[in-house]
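Visitor: Here it is: the structure, laid out below.
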Amino acid sequence: MSRVDLDEEAGFPIRDQQQQEEQKGCCDRFHYHVSRWMLPKDPKKYLERANCLPPPIFIILISIGELAVFIYYAVWKPQKQWVTLDQGIWNSPLTYKPDMRQEAWRFLSYMFVHAGIQHIVGNLVLQLLLGIPLELVHKGFEVGMVYLGGVLAGSLASSIFDPYSALVGASGGVYALIGGYLMNALVNFREMIPLLGIFRVLVIVIIVVTDVGFALYRRFLSTEAGLKVSFVAHIGGGVAGMTIGYVFFTNYNQKLLKDPRFWFCIVGYIVFLILAALFNIFLSPAPH
């Protein structure tokens, strides 16, 4: 099938596109390219929702908060903190530590603390590249729910499957965005230009393999002294994104409350939260 056929089937005939491009301002052209990149089922409806009102406040504020916390600890422990973990991080009231899990805020607050410059730069780049375009269409509430849902799922999964390890970084939230985007790409793959669809999926796979490989290295091979950092949050966040994130990011033109998939994912997530809480209270082998 030709490029022309694909564009016409998607609702954007070539002539109409050329005329529209000539009439669009910079902001409109940006919205158009965002709608094409974020893999909609119906590009016209997706394009209609892409706008800067309200602006992508959530992902920008979260990123600023994470950067501010990193700079705070980097200035406090400048000799090593720009590169790797240091004692200041482990003593932070934000870091998730197995023996401090009774302080429930740590299951979310660990997202603000990062292991070093590579860690925070990687997370910030990924969440801004994915989060801003997603929030232009789905708005802050949906993106925020998916992101925070991934952060919480990541820490709870880590507390169950890697109960002796500490946790820092926003990878749970980032992987929730990646999971939702990847599922959207796979479901709508036939509607995309083949080479572009393959490129998008390959980029995601390369990023995930590289990041998870680095996390596995820090967990099992690093000789740094101190607590070991868990990698399970990546998996927990990704699964959250592939379920709840997929539902949020593919129902921009429907009422979520009328979609049975939404209730299935929400109920499943709530059951997971309850079981994880019970495990941490009664069954966890980690010390209190």
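Letters for chains follow the order of the structure tokens (A, B, ...), residue numbers begin at 1 for each chain, and ligand numbers begin at 1 in the order shown.
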For the alpha helix (DSSP H) assignment from backbone DSSP, which residues of stretch 134-187 of chain A qualify? Please present them as a ChimeraX atom specification.
Guide: /A:134-161,171-187
Visitor: I need the residues from that last selection saved to file as a compact mmCIF listing (two decimals), in the first residue's frame (with N, CA and C atoms), if you can.
Guide:
```
# COMPACT_ATOMS: atom_id res chain seq x y z
N LEU A 134 2.21 13.28 25.09
CA LEU A 134 1.04 12.58 25.63
C LEU A 134 0.13 13.55 26.38
N GLU A 135 0.74 14.46 27.15
CA GLU A 135 -0.07 15.38 27.95
C GLU A 135 -0.75 16.44 27.09
N LEU A 136 -0.18 16.77 25.92
CA LEU A 136 -0.84 17.70 25.02
C LEU A 136 -2.20 17.17 24.57
N VAL A 137 -2.33 15.85 24.52
CA VAL A 137 -3.58 15.23 24.07
C VAL A 137 -4.41 14.73 25.24
N HIS A 138 -3.78 13.99 26.14
CA HIS A 138 -4.53 13.31 27.21
C HIS A 138 -4.63 14.13 28.47
N LYS A 139 -3.90 15.25 28.56
CA LYS A 139 -3.95 16.19 29.66
C LYS A 139 -3.32 15.62 30.93
N GLY A 140 -3.13 16.52 31.90
CA GLY A 140 -2.34 16.19 33.07
C GLY A 140 -2.92 15.11 33.95
N PHE A 141 -4.24 15.06 34.08
CA PHE A 141 -4.83 14.07 34.99
C PHE A 141 -4.52 12.66 34.51
N GLU A 142 -4.77 12.37 33.23
CA GLU A 142 -4.53 11.03 32.71
C GLU A 142 -3.05 10.65 32.76
N VAL A 143 -2.19 11.55 32.30
CA VAL A 143 -0.77 11.26 32.32
C VAL A 143 -0.27 11.13 33.75
N GLY A 144 -0.76 11.98 34.65
CA GLY A 144 -0.36 11.90 36.04
C GLY A 144 -0.78 10.60 36.69
N MET A 145 -1.99 10.14 36.41
CA MET A 145 -2.47 8.88 36.98
C MET A 145 -1.60 7.72 36.51
N VAL A 146 -1.27 7.70 35.23
CA VAL A 146 -0.44 6.62 34.68
C VAL A 146 0.96 6.68 35.28
N TYR A 147 1.54 7.86 35.32
CA TYR A 147 2.90 8.03 35.83
C TYR A 147 2.99 7.62 37.30
N LEU A 148 2.12 8.18 38.14
CA LEU A 148 2.16 7.87 39.57
C LEU A 148 1.76 6.42 39.83
N GLY A 149 0.83 5.90 39.01
CA GLY A 149 0.47 4.49 39.13
C GLY A 149 1.66 3.59 38.85
N GLY A 150 2.50 3.98 37.88
CA GLY A 150 3.71 3.21 37.60
C GLY A 150 4.74 3.31 38.71
N VAL A 151 4.88 4.51 39.31
CA VAL A 151 5.81 4.69 40.43
C VAL A 151 5.40 3.80 41.60
N LEU A 152 4.11 3.82 41.95
CA LEU A 152 3.63 3.02 43.08
C LEU A 152 3.73 1.52 42.78
N ALA A 153 3.34 1.13 41.57
CA ALA A 153 3.44 -0.28 41.20
C ALA A 153 4.88 -0.75 41.22
N GLY A 154 5.81 0.11 40.82
CA GLY A 154 7.22 -0.26 40.82
C GLY A 154 7.76 -0.52 42.21
N SER A 155 7.44 0.35 43.16
CA SER A 155 7.95 0.16 44.53
C SER A 155 7.29 -1.04 45.20
N LEU A 156 6.01 -1.24 44.97
CA LEU A 156 5.33 -2.38 45.58
C LEU A 156 5.85 -3.70 44.98
N ALA A 157 6.04 -3.72 43.68
CA ALA A 157 6.60 -4.93 43.05
C ALA A 157 7.99 -5.22 43.58
N SER A 158 8.79 -4.17 43.76
CA SER A 158 10.13 -4.34 44.30
C SER A 158 10.09 -4.87 45.72
N SER A 159 9.15 -4.37 46.53
CA SER A 159 9.06 -4.82 47.92
C SER A 159 8.67 -6.29 48.02
N ILE A 160 8.03 -6.82 46.97
CA ILE A 160 7.62 -8.23 46.99
C ILE A 160 8.70 -9.13 46.39
N PHE A 161 9.21 -8.76 45.21
CA PHE A 161 10.10 -9.65 44.47
C PHE A 161 11.59 -9.39 44.71
N SER A 171 12.08 5.60 37.46
CA SER A 171 11.95 4.63 36.37
C SER A 171 10.57 3.98 36.33
N GLY A 172 9.93 3.79 37.49
CA GLY A 172 8.58 3.21 37.49
C GLY A 172 7.61 4.06 36.69
N GLY A 173 7.64 5.39 36.90
CA GLY A 173 6.77 6.29 36.15
C GLY A 173 7.13 6.37 34.69
N VAL A 174 8.43 6.43 34.41
CA VAL A 174 8.90 6.51 33.02
C VAL A 174 8.48 5.25 32.25
N TYR A 175 8.65 4.10 32.88
CA TYR A 175 8.30 2.85 32.21
C TYR A 175 6.79 2.68 32.06
N ALA A 176 6.02 3.33 32.92
CA ALA A 176 4.57 3.32 32.73
C ALA A 176 4.20 4.07 31.45
N LEU A 177 4.85 5.21 31.22
CA LEU A 177 4.61 5.95 29.98
C LEU A 177 5.07 5.14 28.77
N ILE A 178 6.25 4.50 28.89
CA ILE A 178 6.76 3.68 27.80
C ILE A 178 5.82 2.51 27.52
N GLY A 179 5.34 1.85 28.60
CA GLY A 179 4.44 0.70 28.42
C GLY A 179 3.16 1.08 27.71
N GLY A 180 2.55 2.21 28.11
CA GLY A 180 1.34 2.66 27.43
C GLY A 180 1.58 3.01 25.99
N TYR A 181 2.70 3.68 25.71
CA TYR A 181 3.05 4.05 24.34
C TYR A 181 3.34 2.82 23.49
N LEU A 182 4.06 1.85 24.06
CA LEU A 182 4.40 0.64 23.31
C LEU A 182 3.16 -0.15 22.94
N MET A 183 2.23 -0.31 23.88
CA MET A 183 1.00 -1.04 23.59
C MET A 183 0.20 -0.34 22.50
N ASN A 184 0.17 0.99 22.58
CA ASN A 184 -0.52 1.76 21.54
C ASN A 184 0.13 1.54 20.19
N ALA A 185 1.47 1.48 20.17
CA ALA A 185 2.18 1.25 18.91
C ALA A 185 1.88 -0.13 18.34
N LEU A 186 1.88 -1.13 19.20
CA LEU A 186 1.64 -2.50 18.73
C LEU A 186 0.21 -2.67 18.22
N VAL A 187 -0.76 -2.12 18.95
CA VAL A 187 -2.16 -2.27 18.56
C VAL A 187 -2.44 -1.56 17.24
```
Visitor: Record the distance separating atom CA of A:Ile60 and atom CA of A:Val208, expressed in Å with one decimal.
Guide: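 Straight-line distance from atom CA of A:Ile60 to atom CA of A:Val208 works out to 22.1 Å.
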Visitor: Report, in Å to a single decimal, how far apart atom CA of A:Arg106 and atom CA of A:Leu126 are.
Guide: 22.8 Å
Visitor: Restricting the calculation to only C-alpha atoms, which member of A:Gly169, A:Leu128, A:Ser63, A:Val203 is positioned closest to A:Met111?
Guide: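 Residue with the minimum atom-to-atom distance to A:Met111: A:Gly169.
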Visitor: Separation of atom CA of A:Ile89 and atom CA of A:Ile71, in Å?
Guide: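 If I compute the distance from atom CA of A:Ile89 to atom CA of A:Ile71, I get 11.8 Å.
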